[in-house]
file input-v1.cif (mmCIF, C-alpha atoms)
data_my_file
loop_
_atom_site.label_atom_id
_atom_site.label_comp_id
_atom_site.auth_asym_id
_atom_site.auth_seq_id
_atom_site.Cartn_x
_atom_site.Cartn_y
_atom_site.Cartn_z
CA MET A 1 -7.87 26.28 12.73
CA THR A 2 -11.10 24.78 11.36
CA ALA A 3 -11.24 28.06 9.45
CA ALA A 4 -10.34 28.23 5.77
CA MET A 5 -6.67 28.07 4.89
CA SER A 6 -4.82 29.70 2.01
CA ILE A 7 -3.29 27.47 -0.62
CA SER A 8 -1.35 28.20 -3.79
CA LEU A 9 -0.78 25.51 -6.34
CA ASP A 10 -0.38 24.92 -10.02
CA VAL A 11 -3.33 23.28 -11.81
CA ASN A 12 -2.83 22.25 -15.43
CA GLY A 13 -0.09 24.84 -15.77
CA GLU A 14 -2.01 27.72 -14.24
CA ARG A 15 -1.41 29.15 -10.82
CA VAL A 16 -4.37 28.89 -8.48
CA ASP A 17 -4.77 30.69 -5.14
CA ALA A 18 -7.67 29.64 -2.98
CA GLN A 19 -9.14 29.56 0.50
CA VAL A 20 -10.21 26.05 1.49
CA LEU A 21 -11.51 24.29 4.57
CA PRO A 22 -9.20 21.53 5.87
CA ARG A 23 -11.87 18.85 5.31
CA LEU A 24 -12.15 19.58 1.57
CA ASN A 25 -10.57 16.82 -0.48
CA LEU A 26 -8.70 17.48 -3.71
CA ALA A 27 -11.40 15.90 -5.90
CA ASP A 28 -14.09 18.21 -4.54
CA PHE A 29 -11.74 21.18 -4.76
CA LEU A 30 -11.12 20.51 -8.45
CA ARG A 31 -14.78 19.90 -9.23
CA GLU A 32 -16.53 22.49 -7.10
CA HIS A 33 -14.01 25.31 -6.78
CA LEU A 34 -12.32 25.08 -10.18
CA GLN A 35 -15.20 23.51 -12.15
CA LEU A 36 -12.82 20.83 -13.45
CA THR A 37 -15.51 18.16 -13.46
CA GLY A 38 -13.59 15.63 -15.57
CA THR A 39 -12.25 14.24 -12.30
CA HIS A 40 -15.05 11.97 -11.14
CA VAL A 41 -16.06 11.09 -7.62
CA GLY A 42 -17.16 7.50 -7.20
CA CYS A 43 -16.53 5.65 -3.96
CA GLU A 44 -14.78 8.42 -1.99
CA HIS A 45 -12.58 5.91 -0.22
CA GLY A 46 -9.86 5.07 -2.70
CA VAL A 47 -11.29 1.91 -4.23
CA CYS A 48 -12.77 2.87 -7.61
CA GLY A 49 -10.05 5.02 -9.19
CA ALA A 50 -12.47 7.44 -10.92
CA CYS A 51 -10.85 10.42 -9.16
CA THR A 52 -7.27 9.65 -10.29
CA VAL A 53 -5.20 12.78 -11.02
CA ARG A 54 -1.48 13.58 -11.20
CA VAL A 55 0.22 15.40 -8.35
CA ASN A 56 3.84 16.35 -8.99
CA GLY A 57 3.84 13.99 -11.95
CA GLU A 58 2.57 10.91 -10.09
CA ILE A 59 -0.95 9.51 -10.15
CA VAL A 60 -2.87 9.69 -6.87
CA ARG A 61 -6.42 9.32 -5.62
CA SER A 62 -7.74 12.86 -5.31
CA CYS A 63 -10.42 11.68 -2.86
CA LEU A 64 -7.64 10.54 -0.49
CA MET A 65 -5.75 13.80 -0.48
CA LEU A 66 -6.77 17.02 1.18
CA ALA A 67 -6.77 20.19 -0.88
CA VAL A 68 -4.59 21.80 1.83
CA GLN A 69 -1.96 19.12 1.19
CA THR A 70 -1.52 20.33 -2.39
CA HIS A 71 -0.12 23.70 -1.29
CA GLY A 72 2.92 24.27 -3.49
CA ALA A 73 2.19 21.22 -5.65
CA SER A 74 1.59 20.80 -9.34
CA VAL A 75 -1.73 19.10 -10.12
CA GLU A 76 -2.76 17.79 -13.54
CA THR A 77 -6.27 16.65 -14.30
CA ILE A 78 -7.83 14.91 -17.28
CA GLU A 79 -8.65 18.37 -18.71
CA GLY A 80 -4.94 19.23 -18.72
CA LEU A 81 -3.84 15.97 -20.33
CA SER A 82 -6.63 16.17 -22.87
CA ASP A 83 -6.13 19.83 -23.84
CA SER A 84 -2.38 19.47 -24.22
CA GLY A 85 -2.82 16.55 -26.62
CA GLU A 86 -0.65 14.33 -24.40
CA ILE A 87 -3.16 11.49 -24.50
CA ALA A 88 -4.92 12.17 -27.82
CA ASP A 89 -3.83 8.79 -29.19
CA LEU A 90 -5.02 6.95 -26.07
CA GLN A 91 -8.37 8.70 -26.26
CA ALA A 92 -8.68 7.75 -29.94
CA ALA A 93 -7.79 4.14 -29.13
CA PHE A 94 -10.48 4.07 -26.40
CA ARG A 95 -13.06 5.32 -28.93
CA ASN A 96 -11.98 2.92 -31.65
CA ARG A 97 -12.00 -0.10 -29.38
CA ASN A 98 -15.26 0.78 -27.62
CA ALA A 99 -13.31 0.94 -24.38
CA LEU A 100 -15.98 3.10 -22.81
CA GLN A 101 -19.72 3.06 -22.56
CA CYS A 102 -21.02 5.39 -19.85
CA GLY A 103 -17.63 7.08 -19.56
CA PHE A 104 -17.67 7.51 -15.79
CA CYS A 105 -14.42 5.59 -15.23
CA THR A 106 -12.73 6.86 -18.39
CA PRO A 107 -10.84 9.89 -17.01
CA GLY A 108 -9.32 7.72 -14.28
CA MET A 109 -8.59 4.91 -16.73
CA LEU A 110 -6.81 7.31 -19.08
CA MET A 111 -4.79 8.77 -16.20
CA ALA A 112 -3.68 5.31 -15.05
CA ALA A 113 -3.02 4.08 -18.61
CA GLN A 114 -0.88 7.11 -19.47
CA ASP A 115 1.03 6.63 -16.21
CA LEU A 116 1.82 3.05 -17.24
CA LEU A 117 2.90 3.98 -20.78
CA LYS A 118 5.27 6.62 -19.41
CA GLN A 119 6.96 3.93 -17.28
CA ASP A 120 6.79 1.01 -19.67
CA ALA A 121 6.63 1.55 -23.45
CA GLU A 122 5.86 -2.08 -24.19
CA PRO A 123 3.62 -3.49 -21.46
CA ASP A 124 2.08 -6.91 -21.95
CA ARG A 125 -1.59 -7.49 -21.14
CA LYS A 126 -0.80 -8.77 -17.65
CA ARG A 127 1.13 -5.61 -16.83
CA ILE A 128 -1.68 -3.45 -18.22
CA ARG A 129 -4.20 -5.34 -16.09
CA GLU A 130 -2.04 -4.90 -13.01
CA HIS A 131 -1.58 -1.19 -13.53
CA LEU A 132 -5.30 -0.63 -14.11
CA SER A 133 -6.32 -3.00 -11.31
CA GLY A 134 -7.21 -0.05 -9.09
CA ASN A 135 -9.71 1.37 -11.57
CA TYR A 136 -13.24 0.02 -11.72
CA CYS A 137 -15.30 -0.08 -14.90
CA ARG A 138 -18.88 -1.36 -14.59
CA CYS A 139 -19.70 -1.34 -18.32
CA THR A 140 -17.03 -2.82 -20.52
CA GLY A 141 -15.73 -5.93 -18.83
CA TYR A 142 -12.22 -4.47 -19.19
CA GLN A 143 -11.14 -6.44 -22.29
CA ALA A 144 -11.71 -3.49 -24.60
CA ILE A 145 -9.83 -1.18 -22.25
CA ILE A 146 -6.83 -3.51 -22.21
CA ASP A 147 -7.07 -3.71 -26.02
CA ALA A 148 -7.07 0.07 -26.32
CA VAL A 149 -4.06 0.56 -24.07
CA GLU A 150 -2.18 -2.20 -25.88
CA THR A 151 -3.03 -0.64 -29.25
CA ALA A 152 -1.92 2.82 -28.16
CA ALA A 153 1.35 1.43 -26.76
CA ARG A 154 2.14 -0.37 -30.02
CA ALA A 155 1.31 2.69 -32.10
CA ARG A 156 3.63 4.84 -29.98
CA LEU A 157 6.44 2.30 -30.38
CA GLY A 158 5.82 2.28 -34.15
CA ARG A 159 6.04 6.05 -34.32
CA ARG A 160 9.29 6.06 -32.40
CA SER A 161 11.09 3.51 -34.59
CA MET Y 1 -19.23 10.42 2.11
CA LYS Y 2 -17.16 13.40 3.17
CA ALA Y 3 -14.97 13.69 6.23
CA SER Y 4 -16.46 15.68 9.09
CA ALA Y 5 -14.87 19.01 9.96
CA PHE Y 6 -11.47 19.05 11.62
CA SER Y 7 -8.59 21.40 12.25
CA TYR Y 8 -5.38 20.89 10.33
CA THR Y 9 -1.81 21.70 11.13
CA ARG Y 10 1.40 20.94 9.30
CA ALA Y 11 4.11 19.72 11.68
CA THR Y 12 7.47 21.30 10.94
CA SER Y 13 9.63 18.73 12.74
CA VAL Y 14 9.37 15.57 14.84
CA VAL Y 15 9.70 17.70 17.98
CA ASN Y 16 6.87 19.93 16.78
CA ALA Y 17 4.69 16.91 15.93
CA LEU Y 18 5.29 15.44 19.40
CA GLU Y 19 4.34 18.74 21.04
CA LEU Y 20 1.08 18.76 19.11
CA LEU Y 21 0.35 15.11 19.94
CA GLY Y 22 1.28 15.73 23.58
CA ALA Y 23 -1.17 18.62 23.76
CA HIS Y 24 -4.08 16.99 21.94
CA GLY Y 25 -3.63 13.27 22.72
CA ASP Y 26 -6.24 10.98 21.20
CA LYS Y 27 -8.25 13.92 19.81
CA ALA Y 28 -5.51 14.27 17.19
CA LYS Y 29 -4.62 11.93 14.34
CA VAL Y 30 -1.35 11.80 12.46
CA LEU Y 31 -1.66 12.19 8.70
CA SER Y 32 1.16 10.50 6.80
CA GLY Y 33 0.27 9.30 3.28
CA GLY Y 34 -3.43 9.28 4.16
CA GLN Y 35 -4.25 6.11 2.25
CA SER Y 36 -5.83 4.44 5.27
CA LEU Y 37 -6.70 7.50 7.37
CA MET Y 38 -8.55 9.37 4.62
CA PRO Y 39 -10.88 6.47 3.72
CA ALA Y 40 -11.65 5.99 7.41
CA MET Y 41 -12.42 9.70 7.75
CA ASN Y 42 -14.47 9.85 4.55
CA LEU Y 43 -16.50 6.88 5.78
CA ARG Y 44 -16.81 8.66 9.17
CA LEU Y 45 -15.37 5.67 10.96
CA ILE Y 46 -13.19 8.22 12.73
CA SER Y 47 -13.65 11.95 13.20
CA PRO Y 48 -10.51 13.45 14.73
CA GLU Y 49 -10.62 17.04 15.96
CA LEU Y 50 -7.11 17.75 14.75
CA ILE Y 51 -5.07 16.41 11.88
CA VAL Y 52 -1.32 16.65 12.36
CA ASP Y 53 0.19 16.39 8.89
CA ILE Y 54 3.72 15.00 9.12
CA GLY Y 55 4.11 14.78 5.33
CA GLU Y 56 6.67 17.59 5.11
CA ILE Y 57 9.07 16.32 7.79
CA ALA Y 58 12.13 15.49 5.69
CA GLU Y 59 13.96 13.76 8.58
CA LEU Y 60 11.37 10.95 8.49
CA ARG Y 61 12.07 10.05 4.88
CA GLY Y 62 14.68 7.78 3.35
CA ILE Y 63 16.48 4.46 3.48
CA ALA Y 64 19.95 4.05 4.95
CA VAL Y 65 22.20 1.01 5.39
CA SER Y 66 24.69 1.11 8.24
CA GLY Y 67 26.56 -1.98 9.39
CA ASP Y 68 24.06 -4.79 9.87
CA VAL Y 69 20.98 -2.58 9.90
CA VAL Y 70 18.73 -1.09 7.22
CA THR Y 71 16.89 1.92 8.62
CA ILE Y 72 13.74 3.03 6.83
CA GLY Y 73 12.15 6.36 7.71
CA ALA Y 74 8.45 6.24 8.55
CA LEU Y 75 7.48 8.53 5.66
CA THR Y 76 9.16 6.33 3.05
CA ARG Y 77 6.46 5.59 0.50
CA HIS Y 78 5.60 2.20 -0.95
CA VAL Y 79 6.84 3.36 -4.35
CA ASP Y 80 10.19 4.40 -2.81
CA LEU Y 81 10.57 0.93 -1.28
CA THR Y 82 9.80 -0.73 -4.62
CA ARG Y 83 12.48 1.26 -6.40
CA SER Y 84 15.14 1.03 -3.68
CA PRO Y 85 18.24 -1.02 -4.58
CA GLU Y 86 19.07 -1.22 -0.84
CA ILE Y 87 15.74 -2.88 -0.08
CA ALA Y 88 16.07 -5.20 -3.09
CA ALA Y 89 19.54 -6.24 -1.87
CA HIS Y 90 18.88 -6.55 1.87
CA ALA Y 91 15.16 -7.20 2.24
CA PRO Y 92 13.88 -8.59 -1.07
CA LEU Y 93 10.83 -9.95 0.77
CA LEU Y 94 9.67 -6.35 1.11
CA THR Y 95 10.25 -5.54 -2.56
CA GLU Y 96 8.15 -8.52 -3.54
CA ALA Y 97 5.41 -7.84 -1.00
CA ILE Y 98 4.92 -4.18 -1.98
CA ALA Y 99 3.72 -5.22 -5.44
CA HIS Y 100 0.68 -6.71 -3.70
CA VAL Y 101 -0.16 -3.60 -1.70
CA ALA Y 102 -3.16 -1.90 -3.31
CA HIS Y 103 -2.59 -0.13 -6.64
CA PRO Y 104 -0.04 2.27 -8.19
CA ALA Y 105 -1.93 5.46 -7.26
CA ILE Y 106 -2.16 4.30 -3.64
CA ARG Y 107 1.49 3.21 -3.53
CA ASN Y 108 2.53 6.69 -4.69
CA ARG Y 109 1.13 8.17 -1.46
CA GLY Y 110 1.02 5.37 1.12
CA THR Y 111 3.90 5.20 3.59
CA LEU Y 112 5.54 2.38 5.53
CA GLY Y 113 5.01 4.09 8.87
CA GLY Y 114 1.38 4.80 8.07
CA SER Y 115 0.68 1.21 7.14
CA LEU Y 116 2.31 -0.12 10.31
CA ALA Y 117 0.65 2.40 12.63
CA HIS Y 118 -2.72 1.62 11.03
CA ALA Y 119 -2.15 -2.12 11.68
CA ASP Y 120 -4.78 -3.64 9.47
CA PRO Y 121 -4.48 -7.40 10.11
CA ALA Y 122 -5.02 -8.12 6.39
CA SER Y 123 -2.25 -5.84 5.18
CA GLU Y 124 1.08 -7.07 3.91
CA LEU Y 125 3.67 -4.80 5.49
CA PRO Y 126 3.03 -5.59 9.17
CA ALA Y 127 3.51 -9.29 8.38
CA CYS Y 128 6.74 -8.53 6.51
CA MET Y 129 8.04 -6.64 9.54
CA VAL Y 130 7.32 -9.65 11.75
CA ALA Y 131 8.93 -12.08 9.28
CA LEU Y 132 11.99 -9.85 8.93
CA ASN Y 133 12.34 -9.48 12.71
CA ALA Y 134 12.15 -5.70 12.40
CA THR Y 135 12.42 -3.21 15.22
CA ILE Y 136 9.83 -0.43 15.24
CA VAL Y 137 11.24 2.86 16.52
CA VAL Y 138 8.72 5.19 18.16
CA ARG Y 139 9.36 8.55 19.74
CA GLY Y 140 7.47 10.41 22.46
CA GLN Y 141 8.23 13.60 24.33
CA SER Y 142 10.04 11.61 27.00
CA GLY Y 143 12.23 9.74 24.55
CA GLU Y 144 12.49 6.85 22.17
CA ARG Y 145 11.19 3.28 22.46
CA ARG Y 146 12.34 0.39 20.32
CA ILE Y 147 9.77 -2.36 19.97
CA ALA Y 148 10.12 -5.75 18.28
CA ALA Y 149 7.59 -6.00 15.41
CA GLU Y 150 6.19 -9.14 17.02
CA ASP Y 151 5.21 -7.11 20.11
CA PHE Y 152 4.16 -3.98 18.25
CA PHE Y 153 0.95 -5.34 16.71
CA ARG Y 154 -1.70 -5.89 19.39
CA GLY Y 155 -4.98 -6.41 17.55
CA ILE Y 156 -7.22 -5.07 14.79
CA TYR Y 157 -5.94 -1.50 14.19
CA GLU Y 158 -4.19 -1.75 17.57
CA THR Y 159 -0.49 -1.26 18.22
CA ALA Y 160 1.88 -0.54 21.09
CA LEU Y 161 1.91 3.11 19.97
CA SER Y 162 0.34 5.59 22.40
CA PRO Y 163 -1.61 8.60 21.07
CA GLN Y 164 1.27 10.85 22.17
CA GLU Y 165 3.90 8.91 20.24
CA LEU Y 166 5.06 8.96 16.65
CA LEU Y 167 6.38 6.00 14.69
CA VAL Y 168 9.62 7.43 13.28
CA ALA Y 169 11.49 4.53 11.67
CA VAL Y 170 11.86 0.83 11.15
CA GLU Y 171 15.11 -1.10 11.48
CA LEU Y 172 15.67 -4.33 9.59
CA PRO Y 173 18.57 -6.70 10.10
CA VAL Y 174 20.62 -6.96 6.89
CA GLY Y 175 19.87 -10.21 5.07
CA GLN Y 176 22.29 -13.02 5.98
CA ASN Y 177 24.01 -15.49 3.72
CA ASN Y 178 21.71 -18.33 2.69
CA ALA Y 179 18.73 -16.11 3.37
CA ALA Y 180 15.64 -16.93 1.36
CA HIS Y 181 12.19 -15.46 1.30
CA PHE Y 182 8.68 -16.31 0.19
CA PHE Y 183 5.65 -14.12 -0.26
CA ARG Y 184 2.23 -15.19 -1.46
CA GLU Y 185 -1.32 -14.09 -0.86
CA PHE Y 186 -4.78 -15.08 -1.94
CA ALA Y 187 -6.97 -12.13 -2.91
CA ARG Y 188 -10.03 -11.78 -5.10
CA ARG Y 189 -8.33 -9.25 -7.34
CA HIS Y 190 -4.71 -8.13 -7.63
CA GLY Y 191 -4.15 -5.40 -5.05
CA ASP Y 192 -7.16 -6.23 -2.91
CA TYR Y 193 -6.86 -7.07 0.75
CA ALA Y 194 -5.71 -10.63 1.20
CA ILE Y 195 -8.05 -13.44 2.19
CA ALA Y 196 -4.97 -15.21 3.54
CA GLY Y 197 -1.30 -14.50 3.05
CA LEU Y 198 2.19 -15.50 4.11
CA ALA Y 199 5.42 -13.54 4.37
CA ALA Y 200 8.33 -15.82 5.19
CA GLN Y 201 12.02 -15.33 5.81
CA ALA Y 202 14.34 -18.31 6.13
CA ILE Y 203 17.93 -19.45 6.34
CA VAL Y 204 18.42 -22.55 4.25
CA GLU Y 205 21.56 -24.64 4.78
CA ARG Y 206 22.12 -27.88 2.88
CA ASP Y 207 18.41 -28.31 2.09
CA VAL Y 208 17.40 -27.81 5.70
CA PHE Y 209 15.83 -24.78 7.37
CA ALA Y 210 18.36 -23.40 9.86
CA ASP Y 211 15.81 -20.69 10.62
CA LEU Y 212 12.26 -20.10 9.47
CA ARG Y 213 9.99 -17.18 10.31
CA LEU Y 214 6.46 -17.58 8.98
CA ALA Y 215 4.29 -14.48 9.34
CA PHE Y 216 0.71 -15.20 8.28
CA PHE Y 217 -1.69 -12.33 7.68
CA ALA Y 218 -5.46 -11.94 7.30
CA VAL Y 219 -5.89 -15.07 9.42
CA GLY Y 220 -6.05 -13.42 12.84
CA ASP Y 221 -6.40 -10.05 14.55
CA ARG Y 222 -2.71 -9.28 13.85
CA PRO Y 223 0.16 -10.81 11.88
CA VAL Y 224 0.82 -14.25 13.33
CA LEU Y 225 4.37 -15.56 13.71
CA ALA Y 226 3.61 -19.26 13.43
CA LYS Y 227 5.04 -21.46 16.16
CA ALA Y 228 4.49 -24.40 13.81
CA ALA Y 229 7.60 -23.24 11.93
CA ARG Y 230 9.73 -24.76 14.72
CA LYS Y 231 8.67 -28.21 13.57
CA LEU Y 232 10.41 -27.55 10.25
CA VAL Y 233 13.74 -26.22 11.57
CA ASN Y 234 16.86 -28.39 11.61
CA VAL Y 235 15.10 -31.49 10.38
CA ALA Y 236 14.96 -33.22 7.03
CA ILE Y 237 11.61 -32.19 5.58
CA THR Y 238 9.44 -35.15 4.64
CA LEU Y 239 5.76 -35.19 3.82
CA ALA Y 240 5.10 -36.51 7.34
CA VAL Y 241 7.07 -33.66 8.96
CA LEU Y 242 5.26 -31.11 6.81
CA SER Y 243 1.89 -32.64 7.60
CA ASP Y 244 2.66 -32.48 11.32
CA ALA Y 245 3.58 -28.79 11.01
CA SER Y 246 0.45 -28.17 8.97
CA THR Y 247 -1.77 -29.69 11.66
CA ALA Y 248 -0.02 -27.62 14.33
CA LEU Y 249 -0.51 -24.48 12.22
CA ALA Y 250 -4.23 -25.10 11.81
CA GLN Y 251 -4.53 -25.50 15.57
CA GLU Y 252 -2.70 -22.32 16.48
CA LEU Y 253 -4.51 -20.04 14.03
CA ALA Y 254 -7.80 -18.43 15.03
CA PRO Y 255 -9.06 -16.88 11.81
CA HIS Y 256 -12.31 -14.96 11.52
CA ASP Y 257 -15.34 -15.34 9.26
CA ASP Y 258 -16.29 -12.48 6.97
CA GLN Y 259 -17.94 -11.92 3.60
CA GLN Y 260 -14.75 -12.97 1.80
CA ALA Y 261 -14.10 -16.31 3.46
CA SER Y 262 -15.03 -18.54 6.36
CA ALA Y 263 -12.61 -19.34 9.16
CA SER Y 264 -12.18 -22.90 7.92
CA MET Y 265 -11.41 -21.69 4.39
CA ARG Y 266 -8.76 -19.34 5.79
CA ARG Y 267 -7.27 -22.16 7.85
CA HIS Y 268 -7.16 -24.33 4.73
CA LEU Y 269 -5.50 -21.57 2.69
CA ALA Y 270 -2.89 -21.03 5.40
CA LYS Y 271 -2.00 -24.73 5.14
CA VAL Y 272 -1.76 -24.43 1.36
CA LEU Y 273 0.58 -21.46 1.79
CA LEU Y 274 2.74 -23.37 4.27
CA ALA Y 275 3.23 -26.29 1.85
CA ARG Y 276 3.94 -23.97 -1.10
CA CYS Y 277 6.40 -21.98 0.99
CA ALA Y 278 8.36 -25.06 2.11
CA SER Y 279 8.33 -26.40 -1.44
CA ALA Y 280 9.50 -23.12 -2.99
CA LEU Y 281 12.21 -22.35 -0.43
CA LEU Y 282 13.71 -25.83 -0.56
CA GLY Y 283 13.17 -26.31 -4.30
CA ARG Y 284 11.19 -29.47 -3.55
CA SER Y 285 8.22 -29.91 -5.87
CA ASP Y 286 7.57 -33.31 -4.21
CA LEU Y 287 6.27 -31.46 -1.13
CA ILE Y 288 3.22 -30.25 -3.05
CA ALA Y 289 2.94 -32.83 -5.81
CA GLY Y 290 -0.28 -34.80 -5.72
CA ARG Y 291 -1.48 -33.11 -2.54
CA SER Y 292 -4.63 -31.17 -2.12
CA VAL Y 293 -2.87 -28.71 0.17
#
call {"tool": "encode", "arguments": {"input": "input-v1.cif", "output": "structure tokens"}}
result
Amino acid sequence: MTAAMSISLDVNGERVDAQVLPRLNLADFLREHLQLTGTHVGCEHGVCGACTVRVNGEIVRSCLMLAVQTHGASVETIEGLSDSGEIADLQAAFRNRNALQCGFCTPGMLMAAQDLLKQDAEPDRKRIREHLSGNYCRCTGYQAIIDAVETAARARLGRRS
Amino acid sequence: MKASAFSYTRATSVVNALELLGAHGDKAKVLSGGQSLMPAMNLRLISPELIVDIGEIAELRGIAVSGDVVTIGALTRHVDLTRSPEIAAHAPLLTEAIAHVAHPAIRNRGTLGGSLAHADPASELPACMVALNATIVVRGQSGERRIAAEDFFRGIYETALSPQELLVAVELPVGQNNAAHFFREFARRHGDYAIAGLAAQAIVERDVFADLRLAFFAVGDRPVLAKAARKLVNVAITLAVLSDASTALAQELAPHDDQQASASMRRHLAKVLLARCASALLGRSDLIAGRSV
């Protein structure tokens, strides 16, 4: 049973069939097997948030999930959210507000921020901080990231009304 | 780091999981939400030979209220608890505590059973179970055992669970009239492990505690049900009574030193939590006014 196992899943809307070893985590599967390197690997024990992806519509740590556990699941990575245009406004807000420098944390930040804005259209800064509390950024000091998420939320509300 | 190699099998039912655990014993590890197990494996703190994934066992999921008991399946995730109207109505302590457990992405995967079986002394949910007087239901091939939460936690990452058993559910008594709760923790950052915390469940009648269960966490090798609480039950709470209880609390706790805090700092914080708890539950700001603790 330490041998490779077959999995079938949906990644960014495309069906993927693969053979994976049980020990392979989802982050490494995405990066090394599918070349989806937008998902970053930082701490590998669930602390930094750089590897955040969506599984069945909910954000998870891809370093804390085995690839074999995603059999039958739908996985969305930063490439999927970016290509579909779902987070184009958030990405623009991050650029405008200088909410990134080295960019290592940015995919995870965007994943977590979009997750918040789907649940709460009008989050205050405290709520934004709470929702992003599991994502480390070592460059920006966070203020600019909170600004960007707040700006994007307000712009979305404006568009809706 | 990466986890070392292991075999993986997906259990199809509780019976199937118990067969696998019976056959492999402590060489196997149960994978529930994986939010504690996977970090430990990635850090190579543990290297099980076999992972038994119970994630697909539907019978272990869900929240049901029947008579005086709320039954929560072991696979119920933190996020499910947060959103449950049954939990909000009957065990609001839990609803409040979950907000302090890690971060949204972790709460989407982490399960109640996993957290309890892992038994980290700094984590919130074991303390809530002790405060709520929960019963932990575990099943082995020879049958079921029902263990009071107070007796379930035995030490750092140690529980009454044997390697051949599976934690299947938790039973909570339905909240009584006049029930009140308090939850507070000190942590460096929201969602981090607590430096010291308190989960409390009380019955308050005419400004007096008719019952008070104080479960402190991160101040010992397991959640501590404070005996000092007895000093506050069925008496009019004065500053002198509270001070007496506070002294007793400091004496009964045996916190540890680590990079986050010294033992004496933890003892101090536990006393602060006690005063804030009494003040909040009784609506008495005079119990904390002008005091350093």
call {"tool": "closest_residue", "arguments": {"input": "input-v1.cif", "among": "Y:Ala105, Y:Ala17, Y:Ala64, Y:Ile136", "to": "chain A", "atoms": "only C-alpha atoms"}}
result
Y:Ala105
call {"tool": "closest_residue", "arguments": {"input": "input-v1.cif", "among": "Y:Ala263, Y:Ala131, Y:Val138, Y:Ala200", "to": "Gln164 (chain Y)", "atoms": "all atoms listed in the file"}}
result
Y:Val138
call {"tool": "residues_around", "arguments": {"input": "input-v1.cif", "residues": "Leu20 (chain Y)", "least_positions_apart": "2", "cutoff": "10 Å", "atoms": "only C-alpha atoms", "output": "PyMOL selection string"}}
result
chain Y and resi 9+11+14-18+22-25+28+30+50-52+164
call {"tool": "atom_distance", "arguments": {"input": "input-v1.cif", "atom1": "CA of Cys137 (chain A)", "atom2": "CA of Arg154 (chain A)"}}
result
23.1 Å
call {"tool": "closest_atom_pairs", "arguments": {"input": "input-v1.cif", "of": "chain A", "to": "chain Y", "cutoff": "6 Å", "atoms": "only C-alpha atoms", "output": "JSON lines"}}
result
{"residue": "A:Met1", "atom": "CA", "partner": "Y:Ser7", "partner_atom": "CA", "distance": 5.0}
{"residue": "A:Thr2", "atom": "CA", "partner": "Y:Ser7", "partner_atom": "CA", "distance": 4.3}
{"residue": "A:Pro22", "atom": "CA", "partner": "Y:Tyr8", "partner_atom": "CA", "distance": 5.9}
{"residue": "A:Arg23", "atom": "CA", "partner": "Y:Ala5", "partner_atom": "CA", "distance": 5.5}
{"residue": "A:His45", "atom": "CA", "partner": "Y:Pro39", "partner_atom": "CA", "distance": 4.3}
{"residue": "A:Ile59", "atom": "CA", "partner": "Y:Ala105", "partner_atom": "CA", "distance": 5.1}
{"residue": "A:Val60", "atom": "CA", "partner": "Y:Ala105", "partner_atom": "CA", "distance": 4.4}
{"residue": "A:Leu64", "atom": "CA", "partner": "Y:Met38", "partner_atom": "CA", "distance": 5.3}
{"residue": "A:Gly134", "atom": "CA", "partner": "Y:His103", "partner_atom": "CA", "distance": 5.2}
call {"tool": "resolve_selection", "arguments": {"input": "input-v1.cif", "expression": "the PyMOL selection byres ((chain A and resi 33) around 12)", "output": "PyMOL selection string"}}
result
chain A and resi 11+16-21+24-32+34-37+67
call {"tool": "write_last_selection", "arguments": {"input": "input-v1.cif", "atoms": "C-alpha atoms", "output": "short mmCIF file (atom, residue, chain, number, x, y, z; two decimals), keeping the file's coordinate frame"}}
result
data_model
loop_
_atom_site.label_atom_id
_atom_site.label_comp_id
_atom_site.auth_asym_id
_atom_site.auth_seq_id
_atom_site.Cartn_x
_atom_site.Cartn_y
_atom_site.Cartn_z
CA VAL A 11 -3.33 23.28 -11.81
CA VAL A 16 -4.37 28.89 -8.48
CA ASP A 17 -4.77 30.69 -5.14
CA ALA A 18 -7.67 29.64 -2.98
CA GLN A 19 -9.14 29.56 0.50
CA VAL A 20 -10.21 26.05 1.49
CA LEU A 21 -11.51 24.29 4.57
CA LEU A 24 -12.15 19.58 1.57
CA ASN A 25 -10.57 16.82 -0.48
CA LEU A 26 -8.70 17.48 -3.71
CA ALA A 27 -11.40 15.90 -5.90
CA ASP A 28 -14.09 18.21 -4.54
CA PHE A 29 -11.74 21.18 -4.76
CA LEU A 30 -11.12 20.51 -8.45
CA ARG A 31 -14.78 19.90 -9.23
CA GLU A 32 -16.53 22.49 -7.10
CA LEU A 34 -12.32 25.08 -10.18
CA GLN A 35 -15.20 23.51 -12.15
CA LEU A 36 -12.82 20.83 -13.45
CA THR A 37 -15.51 18.16 -13.46
CA ALA A 67 -6.77 20.19 -0.88
#
call {"tool": "closest_residue", "arguments": {"input": "input-v1.cif", "among": "A:Leu110, A:Cys63, A:Lys126, A:Ser133", "to": "Ala92 (chain A)", "atoms": "only C-alpha atoms"}}
result
A:Leu110
call {"tool": "closest_residue", "arguments": {"input": "input-v1.cif", "among": "Y:Phe153, Y:Tyr193, Y:Phe182, Y:Phe209", "to": "Val235 (chain Y)", "atoms": "all atoms listed in the file"}}
result
Y:Phe209
call {"tool": "residues_near_point", "arguments": {"input": "input-v1.cif", "point": "(-1.3, 26.3, -16.7)", "cutoff": "10 Å", "atoms": "all atoms listed in the file", "output": "list in words"}}
result
Asp10, Val11, Asn12, Gly13, Glu14, Arg15, Val16, Ser74, Val75, Glu76 and Gly80 of chain A
call {"tool": "resolve_selection", "arguments": {"input": "input-v1.cif", "expression": "the PyMOL selection byres ((chain A and resi 148) around 9)", "output": "number ranges by chain"}}
result
A: 90-99, 143-147, 149-153
call {"tool": "residues_around", "arguments": {"input": "input-v1.cif", "residues": "Leu167 (chain Y)", "least_positions_apart": "3", "cutoff": "10 Å", "atoms": "only C-alpha atoms", "output": "list in words"}}
result
Val30, Leu60, Gly73, Ala74, Leu75, Leu112, Gly113, Gly114, Leu116, Ala117, Ile136, Val137, Val138, Arg139, Gly140, Glu144, Arg145, Arg146, Leu161, Ser162 and Val170 of chain Y
